[in-house]
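Working notes, structure below.
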Protein chains: 2
Amino acid sequence: MLRTALLLATLACVLLPAQQPAPLDPGIRTVVQVAIVTKNIEASAQRWASILGMEIPKVSTTRPGEEVKVQFRGKPSSGQAKLAFFKLGQVVLELIEPVGGDTSWKQYLDEHGEGVQHLGFQVQDLDQAIANAEKSGMPVLHRGRYDKDNGDYVYIDSGKALGVTLEFLHSDPPKK
Amino acid sequence: MLRTALLLATLACVLLPAQQPAPLDPGIRTVVQVAIVTKNIEASAQRWASILGMEIPKVSTTRPGEEVKVQFRGKPSSGQAKLAFFKLGQVVLELIEPVGGDTSWKQYLDEHGEGVQHLGFQVQDLDQAIANAEKSGMPVLHRGRYDKDNGDYVYIDSGKALGVTLEFLHSDPPKK
């Protein structure tokens, strides 16, 4: 009996994969947005529409930074952006042209020129996601409310560590 | 009778949306890959795993460029890359560390430093997709066969026009 148990235990060690510690799930595993900062959103939108074979999307402008509580590095900012979107399956391709005051969009364009500035993730628990990023040495860079004032976007200062800025998107719970 | 027909025609003009010309569909509407070029893939993979709460992925090295028919700007290249992948829903986040000869990965790292180098699209008709890109002034930059020699990847020189390199991915049809 003991011999059988030992044999089974040995077999289990050989055949079963080593147990990994359960990974910490901060709930940010699905990319929903890829965002490109551009100097001229109308020209970019036209070029993307042509290569994708899609209609040229409408360009909108966000409300003034003060109205949607924009903060850049912890300070209030008047920064705005012109936006256009292409739906590409699960992912939205977002084009952004910075307008006015300090934002991560303007900073990226000044430092890098046109390119992919951020990847956006829908998060379940915004405070937890921010705390996890801060624990990894990546503080909040820029944040604000959605234009319809029904959720938050938070950019994480992850450009140096990860090669791209992370954006956490979090909608308010439905109002009762 | 005529009056009814005219009324119906008028109603149709008012109620039905204006007909748009059918957009050209080059079949590249779904992003499947977001790729970040890095100087040190092991360090990058560790940082991404930590922020995403996922296991650190295995790093592999592609076969020598000559074996997988790598071409950069139309000339054969010995270029290789170390690769690591994170599955994030529909999209795979790919980390790439260039190794050896000329590739779009090395060019991006030399010119921009670490960042999002390409967006990958699975395409139905590779020749058509390349022809469409060329018609828009974006020629092939870099191409090769998948490491298992069962498909092609083709990078389009779209960095200046679109802010990011496009990658077309096309698997060979199943062998009979």
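Chain labels A, B, ... are given in the sequence in which chains occur in the structure tokens; within each chain residues are numbered consecutively from 1, and ligands are likewise numbered from 1 in the order shown.
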
Give me the residues of chain B that have any atom at most 8 Å from an atom of chain A; for each, the nearest atom pair and the distance in Å, rounded to one decimal. Use only C-alpha atoms, sort by chain and number, and format it as a tab-separated table.
```
residue	atom	partner	partner_atom	distance
B:Pro23	CA	A:Gly53	CA	5.5
B:Leu24	CA	A:Gly53	CA	4.6
B:Asp25	CA	A:Gly53	CA	4.8
B:Pro26	CA	A:Gly53	CA	6.1
B:Gly27	CA	A:Leu52	CA	7.8
B:Ile28	CA	A:Leu52	CA	6.2
B:Arg29	CA	A:Leu88	CA	5.2
B:Thr30	CA	A:Leu88	CA	4.6
B:Val31	CA	A:Leu88	CA	6.1
B:Ile36	CA	A:Gly163	CA	6.7
B:Val37	CA	A:Gly163	CA	7.8
B:Thr38	CA	A:Gly163	CA	7.5
B:Ser44	CA	A:Leu162	CA	6.5
B:Arg47	CA	A:Leu162	CA	7.0
B:Trp48	CA	A:Leu162	CA	6.8
B:Ser50	CA	A:Ser136	CA	7.7
B:Ile51	CA	A:Ala133	CA	6.4
B:Leu52	CA	A:Ile28	CA	6.2
B:Gly53	CA	A:Leu24	CA	4.6
B:Met54	CA	A:Pro23	CA	5.6
B:Glu55	CA	A:Pro23	CA	6.6
B:Leu88	CA	A:Thr30	CA	4.7
B:Gly89	CA	A:Thr30	CA	5.2
B:Gln90	CA	A:Gln90	CA	6.4
B:Val91	CA	A:Val31	CA	6.9
B:His112	CA	A:His112	CA	7.4
B:Glu114	CA	A:Gly163	CA	5.1
B:Gly115	CA	A:Gly163	CA	4.2
B:Val116	CA	A:Val116	CA	6.0
B:Asn132	CA	A:Ile51	CA	7.0
B:Ala133	CA	A:Ile51	CA	6.4
B:Ser136	CA	A:Ile51	CA	7.2
B:Gly159	CA	A:Gly115	CA	7.9
B:Lys160	CA	A:Glu114	CA	7.9
B:Ala161	CA	A:Arg47	CA	7.3
B:Leu162	CA	A:Ser44	CA	6.5
B:Gly163	CA	A:Gly115	CA	4.2
B:Val164	CA	A:Gly115	CA	5.8
```

Output C-alpha atoms for every residue in the selection just made, as a compact mmCIF listing (two decimals), in the first residue's frame.
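As a result, again_17.txt now contains:
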```txt
# COMPACT_ATOMS: atom_id res chain seq x y z
CA PRO B 23 -15.81 51.33 -49.17
CA LEU B 24 -12.96 49.32 -50.60
CA ASP B 25 -12.39 46.48 -48.16
CA PRO B 26 -8.79 45.29 -48.24
CA GLY B 27 -9.67 42.86 -45.42
CA ILE B 28 -7.31 44.38 -42.86
CA ARG B 29 -9.85 45.63 -40.33
CA THR B 30 -8.96 43.60 -37.26
CA VAL B 31 -5.85 44.32 -35.22
CA ILE B 36 6.87 46.75 -28.85
CA VAL B 37 10.56 46.83 -29.73
CA THR B 38 12.87 46.62 -26.72
CA SER B 44 10.68 44.03 -20.55
CA ARG B 47 7.94 44.31 -16.18
CA TRP B 48 4.93 43.59 -18.43
CA SER B 50 4.22 42.24 -13.30
CA ILE B 51 1.88 45.05 -14.42
CA LEU B 52 -0.51 42.65 -16.20
CA GLY B 53 -0.48 40.09 -13.38
CA MET B 54 0.52 37.32 -15.81
CA GLU B 55 3.25 34.69 -15.93
CA LEU B 88 -4.67 40.07 -24.23
CA GLY B 89 -8.05 39.08 -25.66
CA GLN B 90 -8.19 39.40 -29.46
CA VAL B 91 -4.79 41.08 -29.43
CA HIS B 112 13.09 55.94 -31.90
CA GLU B 114 11.82 51.50 -27.27
CA GLY B 115 8.17 51.82 -28.29
CA VAL B 116 5.26 50.45 -30.32
CA ASN B 132 -3.47 48.74 -51.86
CA ALA B 133 -0.68 49.96 -49.58
CA SER B 136 -1.25 54.81 -51.12
CA GLY B 159 5.65 54.95 -40.17
CA LYS B 160 5.69 58.48 -41.59
CA ALA B 161 2.19 58.41 -43.11
CA LEU B 162 0.32 56.59 -40.30
CA GLY B 163 2.57 57.01 -37.23
CA VAL B 164 3.16 53.25 -37.03
```

- Query: Relative to chain B, what is the Cα RMSD of chain A after a least-squares superposition using every Cα atom paired in order?
  - Reply: 0.5 Å

- Item | Filtered DSSP result for chain A, state strand (DSSP E), as a PyMOL selection string | chain A and resi 31-37+60-61+71-72+75-76+80-88+91-99+115-122+140-145+151-156+165-171
